[in-house]
Each structure stands twice: as structure tokens, then as C-alpha cells.
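*Asks:* Sharing a structure, written as C-alpha cells. Questions coming.
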Amino acid sequence: MNIEVNAIFQIAGIGIIIAMIHTVLKQMGKEDIAHWVTVIGFVVVLFMVIRMLDGLLQEIKTIFLFQ
């Protein structure tokens with residue numbers, strides 16, 4: 001259970017940092033870079049979620065296939 005809580009805090013931390021960077025860049029007038037930072041942050045979080053889903057599916061596979 002500790003791993004899930006850490007992952008949630010990591011995703012939340014990444015979201016907060018990306019939001020702050022996006023806001024600062026937008027205030028500076030660099031909206032294109034701000035949007036790219038947001039997209040890159042989304043991709044990083046997406047890979048984290050995919051990795052966690054892979055672990056979940058492997059766990060389900062071992063439970064139902066008795067491996």
C-alpha cells in the first residue's frame with residue numbers, strides 16, 4: 001500500500017510543479033513553451049500510470065493463472 005501512496009504523491013507533485021512552470025512561462029509571454037512543458041509533464045505522468053497498470057495486470061495474471 002505504501003507504493004501506491006508514494007505514486008499518488010509523485011503524480012500530484014509533478015502536477016503542481018508543471019502548473020507553476022506553466023503559469024510562470026505564460027506570464028512571461030512564452031505560451032508555446034508553456035504548452036510544451038504541460039504536454040511533457042502529461043507524457044511523464046502517463047508513463048508512470050502505464051507502468052503501474054502493467055504491474056496491476058501482472059498481479060491479476062498471477063492470481064488467476066496461479067503462477
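Letters for chains follow the order of the C-alpha cells (A, B, ...), residue numbers begin at 1 for each chain, and ligand numbers begin at 1 in the order shown.
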Considering only C-alpha atoms, return as a list in words whatever protein or nucleic-acid residues lie within 10 Å of range 32-45 of chain A, sequence-local ones (same chain, fewer than 2 positions apart) excluded.
*Replies:*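 Contacts, in chain order: Ala7, Gln10, Ile11, Ala12, Ile14, Gly15, Ile17, Ile18, Ala19, Met20, Ile21, His22, Thr23, Val24, Leu25, Lys26, Gln27, Met28, Gly29, Lys30, Phe47, Met48, Val49, Ile50 and Arg51 of chain A.
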